[in-house]
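**Student:** Got a file for you: model_0.tsv, TSV, C-alpha atoms.
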chain	number	residue	atom	x	y	z
H	1	MET	CA	23.45	27.06	14.93
H	2	ALA	CA	24.97	30.40	13.87
H	3	TYR	CA	24.02	32.45	10.80
H	4	ARG	CA	25.84	35.41	9.26
H	5	ARG	CA	22.63	37.16	8.28
H	6	ASP	CA	19.47	37.70	10.32
H	7	GLU	CA	17.29	36.78	7.33
H	8	ASP	CA	18.95	33.36	7.10
H	9	ARG	CA	18.19	32.72	10.77
H	10	ALA	CA	14.60	33.86	10.21
H	11	ARG	CA	14.19	31.40	7.32
H	12	PHE	CA	15.63	28.59	9.43
H	13	LEU	CA	13.21	29.32	12.27
H	14	ALA	CA	10.30	29.61	9.84
H	15	GLY	CA	11.27	26.24	8.38
H	16	CYS	CA	11.34	24.64	11.85
H	17	ALA	CA	7.96	26.14	12.74
H	18	LEU	CA	6.39	25.02	9.47
H	19	ALA	CA	7.89	21.52	9.75
H	20	LYS	CA	6.58	21.11	13.30
H	21	THR	CA	3.12	22.33	12.25
H	22	VAL	CA	2.95	19.92	9.32
H	23	LEU	CA	4.38	16.96	11.21
H	24	ALA	CA	1.97	17.50	14.09
H	25	ARG	CA	-0.86	16.65	11.72
H	26	TYR	CA	0.70	13.27	10.98
H	27	THR	CA	2.00	12.29	14.41
H	28	GLY	CA	-0.86	13.50	16.56
H	29	LEU	CA	1.55	15.58	18.62
H	30	ARG	CA	1.19	19.27	19.35
H	31	PRO	CA	3.55	21.36	17.17
H	32	ALA	CA	5.46	22.46	20.28
H	33	ALA	CA	5.96	18.80	21.26
H	34	VAL	CA	7.55	17.80	17.94
H	35	GLN	CA	11.27	17.37	18.58
H	36	PHE	CA	14.03	16.71	16.03
H	37	ASP	CA	17.03	14.43	16.36
H	38	ARG	CA	19.90	15.59	14.11
H	39	THR	CA	22.44	12.94	15.11
H	40	CYS	CA	24.64	12.03	12.15
H	41	GLY	CA	24.57	8.31	11.42
H	42	GLN	CA	28.25	8.38	10.42
H	43	CYS	CA	29.98	10.41	13.11
H	44	GLY	CA	27.35	10.93	15.82
H	45	GLU	CA	27.57	14.73	15.66
H	46	PRO	CA	24.34	16.80	15.62
H	47	HIS	CA	24.45	17.74	11.93
H	48	GLY	CA	22.63	14.79	10.37
H	49	LYS	CA	19.31	14.69	8.56
H	50	PRO	CA	16.62	15.71	11.08
H	51	VAL	CA	14.23	12.95	12.13
H	52	VAL	CA	11.22	13.26	14.40
H	53	GLU	CA	11.69	11.79	17.85
H	54	GLY	CA	8.95	9.24	18.29
H	55	GLY	CA	7.72	9.94	14.75
H	56	VAL	CA	6.31	6.43	14.23
H	57	VAL	CA	2.64	6.49	13.33
H	58	GLU	CA	0.20	3.97	11.92
H	59	GLY	CA	1.59	2.90	8.56
H	60	GLY	CA	5.25	3.58	9.37
H	61	VAL	CA	7.71	6.35	10.07
H	62	VAL	CA	7.00	9.92	8.97
H	63	GLU	CA	9.97	11.41	7.11
H	64	HIS	CA	10.43	15.06	6.22
H	65	SER	CA	12.74	17.52	4.52
H	66	VAL	CA	13.03	21.32	4.69
H	67	ALA	CA	14.50	23.80	2.23
H	68	HIS	CA	14.51	27.57	1.90
H	69	SER	CA	15.77	30.14	-0.55
H	70	GLY	CA	14.92	33.79	-1.04
H	71	ASP	CA	11.50	34.41	0.48
H	72	LEU	CA	10.37	30.81	0.13
H	73	VAL	CA	10.36	28.03	2.73
H	74	THR	CA	9.28	24.50	1.75
H	75	VAL	CA	8.60	21.36	3.75
H	76	ALA	CA	8.04	17.88	2.32
H	77	VAL	CA	6.53	14.97	4.28
H	78	ALA	CA	6.39	11.33	3.14
H	79	ARG	CA	6.21	7.76	4.43
H	80	ALA	CA	9.60	7.10	2.82
H	81	PRO	CA	12.95	8.93	2.80
H	82	VAL	CA	12.27	12.29	1.16
H	83	GLY	CA	14.32	15.29	0.09
H	84	ILE	CA	13.25	18.69	-1.19
H	85	ASP	CA	15.20	21.64	-2.51
H	86	VAL	CA	14.25	25.09	-3.73
H	87	GLU	CA	16.51	27.72	-5.26
H	88	GLN	CA	15.88	31.35	-6.07
H	89	LEU	CA	16.51	32.10	-9.75
H	90	ASP	CA	15.44	35.72	-10.16
H	91	GLY	CA	16.86	38.45	-7.94
H	92	ARG	CA	19.41	36.25	-6.17
H	93	PRO	CA	21.36	38.19	-3.52
H	94	HIS	CA	24.49	36.28	-4.54
H	95	PRO	CA	25.30	35.11	-8.09
H	96	LEU	CA	25.75	31.43	-8.87
H	97	GLY	CA	29.24	30.26	-8.07
H	98	GLY	CA	30.09	33.60	-6.49
H	99	ASP	CA	31.00	35.19	-9.83
H	100	GLY	CA	27.76	34.71	-11.75
H	101	ASP	CA	29.20	31.98	-13.98
H	102	PRO	CA	27.04	28.82	-13.72
H	103	GLU	CA	29.39	27.02	-16.10
H	104	ALA	CA	32.32	27.41	-13.68
H	105	LEU	CA	30.23	25.92	-10.86
H	106	ALA	CA	28.96	23.24	-13.24
H	107	ARG	CA	32.49	21.95	-13.73
H	108	ILE	CA	32.56	21.10	-10.03
H	109	VAL	CA	29.09	19.65	-9.42
H	110	LEU	CA	27.95	18.25	-12.79
H	111	SER	CA	29.06	15.12	-14.58
H	112	ALA	CA	30.51	15.31	-18.08
H	113	ALA	CA	27.17	14.27	-19.58
H	114	GLU	CA	25.30	16.91	-17.59
H	115	ARG	CA	27.80	19.60	-18.60
H	116	ALA	CA	27.30	18.68	-22.25
H	117	VAL	CA	23.55	19.18	-21.87
H	118	LEU	CA	24.11	22.52	-20.13
H	119	ALA	CA	26.48	23.71	-22.85
H	120	ALA	CA	23.78	23.13	-25.47
H	121	VAL	CA	21.37	25.48	-23.67
H	122	PRO	CA	21.28	29.08	-24.98
H	123	PRO	CA	23.28	31.38	-22.64
H	124	ALA	CA	20.14	33.18	-21.42
H	125	GLY	CA	18.72	29.93	-20.09
H	126	ARG	CA	21.80	28.35	-18.57
H	127	ALA	CA	21.31	29.68	-15.05
H	128	ARG	CA	17.85	28.10	-14.89
H	129	ALA	CA	19.05	24.86	-16.49
H	130	PHE	CA	21.85	24.63	-13.95
H	131	LEU	CA	19.46	25.17	-11.04
H	132	VAL	CA	17.11	22.49	-12.40
H	133	ALA	CA	20.00	20.00	-12.26
H	134	TRP	CA	21.17	21.33	-8.88
H	135	THR	CA	17.78	21.08	-7.16
H	136	ARG	CA	17.27	17.55	-8.48
H	137	LYS	CA	20.68	16.47	-7.14
H	138	GLU	CA	20.14	18.25	-3.83
H	139	ALA	CA	16.73	16.63	-3.39
H	140	VAL	CA	18.20	13.16	-4.02
H	141	THR	CA	21.13	13.60	-1.62
H	142	LYS	CA	18.85	15.04	1.06
H	143	ALA	CA	16.57	12.02	0.68
H	144	THR	CA	19.53	9.68	1.24
H	145	GLY	CA	20.67	11.81	4.18
H	146	ASP	CA	24.07	12.55	2.63
H	147	GLY	CA	23.36	16.16	1.63
H	148	LEU	CA	26.45	18.15	0.70
H	149	ARG	CA	28.69	15.32	1.97
H	150	ALA	CA	27.94	13.48	-1.27
H	151	ALA	CA	29.89	14.22	-4.45
H	152	PHE	CA	27.26	15.88	-6.63
H	153	SER	CA	29.11	14.87	-9.80
H	154	ASP	CA	28.48	11.21	-8.84
H	155	VAL	CA	24.73	11.78	-8.56
H	156	VAL	CA	23.73	12.10	-12.21
H	157	VAL	CA	20.26	13.36	-13.08
H	158	ALA	CA	18.49	14.10	-16.32
H	159	ALA	CA	19.53	17.70	-16.86
H	160	ASP	CA	17.49	18.35	-20.00
H	161	ALA	CA	13.93	19.58	-20.43
H	162	GLY	CA	12.51	16.06	-20.29
H	163	ALA	CA	10.96	14.23	-17.36
H	164	PRO	CA	13.14	14.41	-14.22
H	165	ARG	CA	14.88	11.15	-13.41
H	166	LEU	CA	17.92	9.81	-11.63
H	167	VAL	CA	20.40	8.40	-14.15
H	168	SER	CA	23.13	7.02	-11.87
H	169	TRP	CA	24.42	7.31	-8.31
H	170	PRO	CA	27.12	5.68	-6.14
H	171	TYR	CA	24.79	3.36	-4.25
H	172	GLU	CA	23.81	-0.30	-4.69
H	173	ARG	CA	20.10	0.43	-4.79
H	174	SER	CA	18.63	0.79	-8.28
H	175	VAL	CA	18.12	4.31	-9.59
H	176	HIS	CA	14.63	3.18	-10.61
H	177	SER	CA	13.68	3.02	-6.93
H	178	VAL	CA	13.90	6.82	-6.72
H	179	SER	CA	10.96	9.05	-7.63
H	180	LEU	CA	12.14	12.47	-8.81
H	181	LEU	CA	9.76	15.32	-9.52
H	182	ASP	CA	10.08	18.98	-10.43
H	183	LEU	CA	7.83	21.28	-8.39
H	184	ASP	CA	6.08	24.52	-9.27
H	185	ALA	CA	7.50	26.86	-6.64
H	186	GLY	CA	6.18	30.01	-8.26
H	187	PRO	CA	7.76	32.67	-10.48
H	188	GLY	CA	11.50	33.12	-10.02
H	189	TYR	CA	12.12	29.82	-8.23
H	190	VAL	CA	13.16	26.28	-9.16
H	191	ALA	CA	12.35	23.28	-6.94
H	192	ALA	CA	12.55	19.50	-6.93
H	193	LEU	CA	11.39	16.59	-4.76
H	194	ALA	CA	12.94	13.13	-4.40
H	195	VAL	CA	11.48	10.09	-2.64
H	196	ILE	CA	13.36	6.84	-2.11
H	197	GLY	CA	10.38	4.78	-3.15
H	198	ARG	CA	7.26	5.18	-5.22
H	199	CYS	CA	5.66	8.63	-5.45
H	200	GLN	CA	3.13	9.30	-8.17
H	201	ALA	CA	1.53	12.49	-6.91
H	202	VAL	CA	2.30	15.44	-4.66
H	203	ARG	CA	-0.29	17.31	-2.61
H	204	ALA	CA	0.70	20.95	-2.16
H	205	ARG	CA	-0.52	23.12	0.71
H	206	ASP	CA	0.01	26.79	1.51
H	207	GLY	CA	2.35	26.93	4.51
H	208	SER	CA	1.21	30.42	5.47
H	209	SER	CA	-2.35	29.23	6.04
H	210	LEU	CA	-1.13	26.24	8.04
H	211	LEU	CA	0.87	28.50	10.35
H	212	ALA	CA	-2.05	30.94	10.62
H	213	ASP	CA	-4.29	28.12	11.85
H	214	GLN	CA	-1.92	27.67	14.82
H	215	ALA	CA	-1.96	31.34	15.78
Take the structure in the file and write it out as structure tokens.
**Tutor:**
Amino acid sequence: MAYRRDEDRARFLAGCALAKTVLARYTGLRPAAVQFDRTCGQCGEPHGKPVVEGGVVEGGVVEHSVAHSGDLVTVAVARAPVGIDVEQLDGRPHPLGGDGDPEALARIVLSAAERAVLAAVPPAGRARAFLVAWTRKEAVTKATGDGLRAAFSDVVVAADAGAPRLVSWPYERSVHSVSLLDLDAGPGYVAALAVIGRCQAVRARDGSSLLADQA
């Protein structure tokens, strides 16, 4: 996998290391023995949602998702399909949409109802409001395994300040089967978690301490 910037490659490698460290605790494998299969279920190419080879443990399969933005790397682990996304809000190296206009990007990735909610937000808060909607959509599509292959405008989430929820999506399964949560990723970041199934609570751990334990 090639990256234009060294820092992007460093985040990817940090995400892999953290994922292997976390998954080792659930599978009983050594972190170095945790291997990922990225075969796409649609075309067979190695760009699909990563799954752990031999990741079946007592109680079922261990699923995971990795995301990184800015100086933050996050890993989510669940017994059901899971997706996580984090986005840097403050001090972004590149503005939203390339030109700093979240409304222009919103016309591509948000539904009409979501755009109406965004338009009602005071200008100073629109970048954050957009990223709240974006991370929720990204988390859902990563949980399904579709990622950026899915049309984000077809995955409609609650884009207001209320409880996060999936409103509609282009799948037969009920939207009520999806648990969607906003995460506290620290100052300057926005994050969301989606689980295809029931998820009432999230246990957060400091990834730096987990990696330090392996040193």
**Student:** Point out the residue among H:Leu180, H:Ala104, H:Leu193, H:Ala113 with the least atom-to-atom distance to Val75 of chain H, counting only C-alpha atoms.
**Tutor:**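 Nearest candidate to Val75 of chain H out of H:Leu180, H:Ala104, H:Leu193, H:Ala113: H:Leu193.
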**Student:** Could you give me, as an mmCIF file with C-alpha atoms, in the coordinates of the input, the residues within 12 Å of Leu210 of chain H, counting all atoms listed in the file and dropping anything in the same chain fewer than 5 positions from it?
**Tutor:**
data_model
loop_
_atom_site.group_PDB
_atom_site.id
_atom_site.type_symbol
_atom_site.label_atom_id
_atom_site.label_comp_id
_atom_site.auth_asym_id
_atom_site.auth_seq_id
_atom_site.Cartn_x
_atom_site.Cartn_y
_atom_site.Cartn_z
ATOM 1 C CA ALA H 17 7.960 26.140 12.740
ATOM 2 C CA LEU H 18 6.390 25.020 9.470
ATOM 3 C CA ALA H 19 7.890 21.520 9.750
ATOM 4 C CA LYS H 20 6.580 21.110 13.300
ATOM 5 C CA THR H 21 3.120 22.330 12.250
ATOM 6 C CA VAL H 22 2.950 19.920 9.320
ATOM 7 C CA LEU H 23 4.380 16.960 11.210
ATOM 8 C CA ALA H 24 1.970 17.500 14.090
ATOM 9 C CA ARG H 25 -0.860 16.650 11.720
ATOM 10 C CA PRO H 31 3.550 21.360 17.170
ATOM 11 C CA VAL H 75 8.600 21.360 3.750
ATOM 12 C CA ALA H 204 0.700 20.950 -2.160
ATOM 13 C CA ARG H 205 -0.520 23.120 0.710
ATOM 14 C CA ALA H 215 -1.960 31.340 15.780
#
**Student:** Within 12 Å of segment 45-47 of chain H, counting all atoms listed in the file, which residues show up once you throw out same-chain ones fewer than 6 positions away? Write them as a PyMOL selection string, please.
**Tutor:** chain H and resi 1+36-39+145-149
**Student:** Which of these residues is nearest to Pro50 of chain H, using only C-alpha atoms: H:Arg115, H:Arg173, H:Lys142, H:Arg165?
**Tutor:**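 Comparing H:Arg115, H:Arg173, H:Lys142, H:Arg165 against Pro50 of chain H, the winner is H:Lys142.
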**Student:** What's the 8 Å shell around segment 129-134 of chain H, counting only C-alpha atoms, without same-chain residues fewer than 4 positions away, as JSON, numbers by chain?
**Tutor:** {"H": [87, 89, 102, 106, 118, 121, 125, 138, 157, 158, 159, 160, 190, 191, 192]}
**Student:** How about saving the chosen residues, C-alpha atoms kept, as a CSV table (one decimal), in the coordinates of the input?
**Tutor:**
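Output file again_31.csv follows:
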chain,number,residue,atom,x,y,z
H,87,GLU,CA,16.5,27.7,-5.3
H,89,LEU,CA,16.5,32.1,-9.8
H,102,PRO,CA,27.0,28.8,-13.7
H,106,ALA,CA,29.0,23.2,-13.2
H,118,LEU,CA,24.1,22.5,-20.1
H,121,VAL,CA,21.4,25.5,-23.7
H,125,GLY,CA,18.7,29.9,-20.1
H,138,GLU,CA,20.1,18.2,-3.8
H,157,VAL,CA,20.3,13.4,-13.1
H,158,ALA,CA,18.5,14.1,-16.3
H,159,ALA,CA,19.5,17.7,-16.9
H,160,ASP,CA,17.5,18.4,-20.0
H,190,VAL,CA,13.2,26.3,-9.2
H,191,ALA,CA,12.4,23.3,-6.9
H,192,ALA,CA,12.6,19.5,-6.9
**Student:** Using all atoms listed in the file, what table do you get, as a tab-separated table, when you list each residue of segment 36-99 of chain H with an atom no more than 12 Å from segment 8-13 of chain H, its nearest pair of atoms, and their distance in Å rounded to one decimal, rows by chain then rising number?
**Tutor:**
residue	atom	partner	partner_atom	distance
H:Val66	CA	H:Phe12	CA	9.1
H:Ala67	CA	H:Phe12	CA	8.7
H:His68	CA	H:Arg11	CA	6.6
H:Ser69	CA	H:Arg11	CA	8.1
H:Gly70	CA	H:Arg11	CA	8.7
H:Asp71	CA	H:Arg11	CA	7.9
H:Leu72	CA	H:Arg11	CA	8.2
H:Val73	CA	H:Arg11	CA	6.9
H:Thr74	CA	H:Arg11	CA	10.1
H:Val75	CA	H:Phe12	CA	11.6
H:Pro93	CA	H:Asp8	CA	11.9
**Student:** Which is closest to Gln88 of chain H among H:Gln35, H:Ser65, H:Gln42, H:Thr135, if we use all atoms listed in the file?
**Tutor:**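 Looking only at the distances to Gln88 of chain H, the closest residue turns out to be H:Thr135.
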**Student:** Might you pull out every residue within 6 Å of Ser179 of chain H, with only C-alpha atoms counted and same-chain residues fewer than 5 positions away left off, and present them as a short mmCIF file (atom, residue, chain, number, x, y, z; two decimals) with C-alpha atoms, keeping the file's coordinate frame?
**Tutor:**
data_model
loop_
_atom_site.label_atom_id
_atom_site.label_comp_id
_atom_site.auth_asym_id
_atom_site.auth_seq_id
_atom_site.Cartn_x
_atom_site.Cartn_y
_atom_site.Cartn_z
CA ALA H 194 12.94 13.13 -4.40
CA VAL H 195 11.48 10.09 -2.64
CA ARG H 198 7.26 5.18 -5.22
CA CYS H 199 5.66 8.63 -5.45
#
**Student:** At what distance in Å, to one decimal, does atom CA of Glu114 of chain H lie from atom CA of Ala201 of chain H?
**Tutor:** 26.4 Å
**Student:** Restricting the calculation to all atoms listed in the file: of H:Asp213, H:Arg126, H:Pro81, H:Ala112, which residue gets closest to Leu96 of chain H?
**Tutor:**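 Closest candidate: H:Arg126.
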**Student:** In Å, how far is it from atom CA of Phe152 of chain H to atom CA of Val52 of chain H?
**Tutor:**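 Taking atom CA of Phe152 of chain H as the start and atom CA of Val52 of chain H as the end point, the length is 26.6 Å.
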**Student:** So that I can check the surroundings of Asp90 of chain H, please list as a list in words every protein, DNA and RNA residue that reaches within 9 Å of it, counting all atoms listed in the file and ignoring chain neighbours fewer than 6 positions away.
**Tutor:**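 So, after excluding close chain neighbours, the residues are Pro187, Gly188 and Tyr189 of chain H.
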**Student:** Using all atoms listed in the file, can you tell me which of H:Arg128, H:Leu110, H:Ser174, H:Val117 comes closest to Asp154 of chain H?
**Tutor:**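 The shortest atom-to-atom distance to Asp154 of chain H comes from H:Leu110.
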**Student:** Please determine, counting all atoms listed in the file, which residue among H:Gly197, H:Gly15, H:Gly44, H:Gly28 has the shortest atom-to-atom distance to Ala143 of chain H.
**Tutor:** H:Gly197
**Student:** Quote the spacing between atom CA of Val167 of chain H and atom CA of Lys49 of chain H in Å to one decimal place.
**Tutor:**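 These two atoms are separated by 23.6 Å.
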**Student:** Regenerate segment 124-137 of chain H at the level of N, CA, C and O atoms and dump it as a CSV table (one decimal), in the frame of the given file.
**Tutor:**
chain,number,residue,atom,x,y,z
H,124,ALA,N,21.2,32.5,-22.3
H,124,ALA,CA,20.1,33.2,-21.4
H,124,ALA,C,19.4,32.2,-20.5
H,124,ALA,O,18.9,32.6,-19.5
H,125,GLY,N,19.4,30.9,-20.9
H,125,GLY,CA,18.7,29.9,-20.1
H,125,GLY,C,19.6,29.0,-19.3
H,125,GLY,O,19.1,28.1,-18.6
H,126,ARG,N,20.9,29.3,-19.3
H,126,ARG,CA,21.8,28.4,-18.6
H,126,ARG,C,21.7,28.4,-17.1
H,126,ARG,O,21.9,27.4,-16.4
H,127,ALA,N,21.4,29.6,-16.5
H,127,ALA,CA,21.3,29.7,-15.0
H,127,ALA,C,20.1,28.8,-14.6
H,127,ALA,O,20.3,28.1,-13.6
H,128,ARG,N,19.0,28.9,-15.3
H,128,ARG,CA,17.8,28.1,-14.9
H,128,ARG,C,18.1,26.6,-15.1
H,128,ARG,O,17.8,25.8,-14.2
H,129,ALA,N,18.7,26.3,-16.2
H,129,ALA,CA,19.0,24.9,-16.5
H,129,ALA,C,20.0,24.3,-15.4
H,129,ALA,O,19.8,23.1,-15.0
H,130,PHE,N,20.9,25.1,-15.0
H,130,PHE,CA,21.8,24.6,-14.0
H,130,PHE,C,21.1,24.4,-12.7
H,130,PHE,O,21.3,23.4,-12.0
H,131,LEU,N,20.2,25.3,-12.3
H,131,LEU,CA,19.5,25.2,-11.0
H,131,LEU,C,18.5,24.0,-11.1
H,131,LEU,O,18.2,23.4,-10.1
H,132,VAL,N,18.0,23.7,-12.3
H,132,VAL,CA,17.1,22.5,-12.4
H,132,VAL,C,17.9,21.3,-12.0
H,132,VAL,O,17.5,20.4,-11.2
H,133,ALA,N,19.1,21.1,-12.6
H,133,ALA,CA,20.0,20.0,-12.3
H,133,ALA,C,20.4,20.0,-10.8
H,133,ALA,O,20.4,19.0,-10.1
H,134,TRP,N,20.7,21.2,-10.3
H,134,TRP,CA,21.2,21.3,-8.9
H,134,TRP,C,20.1,20.9,-7.9
H,134,TRP,O,20.3,20.1,-7.0
H,135,THR,N,18.9,21.4,-8.1
H,135,THR,CA,17.8,21.1,-7.2
H,135,THR,C,17.4,19.6,-7.2
H,135,THR,O,17.1,19.0,-6.2
H,136,ARG,N,17.5,19.0,-8.4
H,136,ARG,CA,17.3,17.6,-8.5
H,136,ARG,C,18.3,16.8,-7.7
H,136,ARG,O,18.0,15.8,-7.0
H,137,LYS,N,19.6,17.1,-7.9
H,137,LYS,CA,20.7,16.5,-7.1
H,137,LYS,C,20.5,16.7,-5.6
H,137,LYS,O,20.7,15.8,-4.8
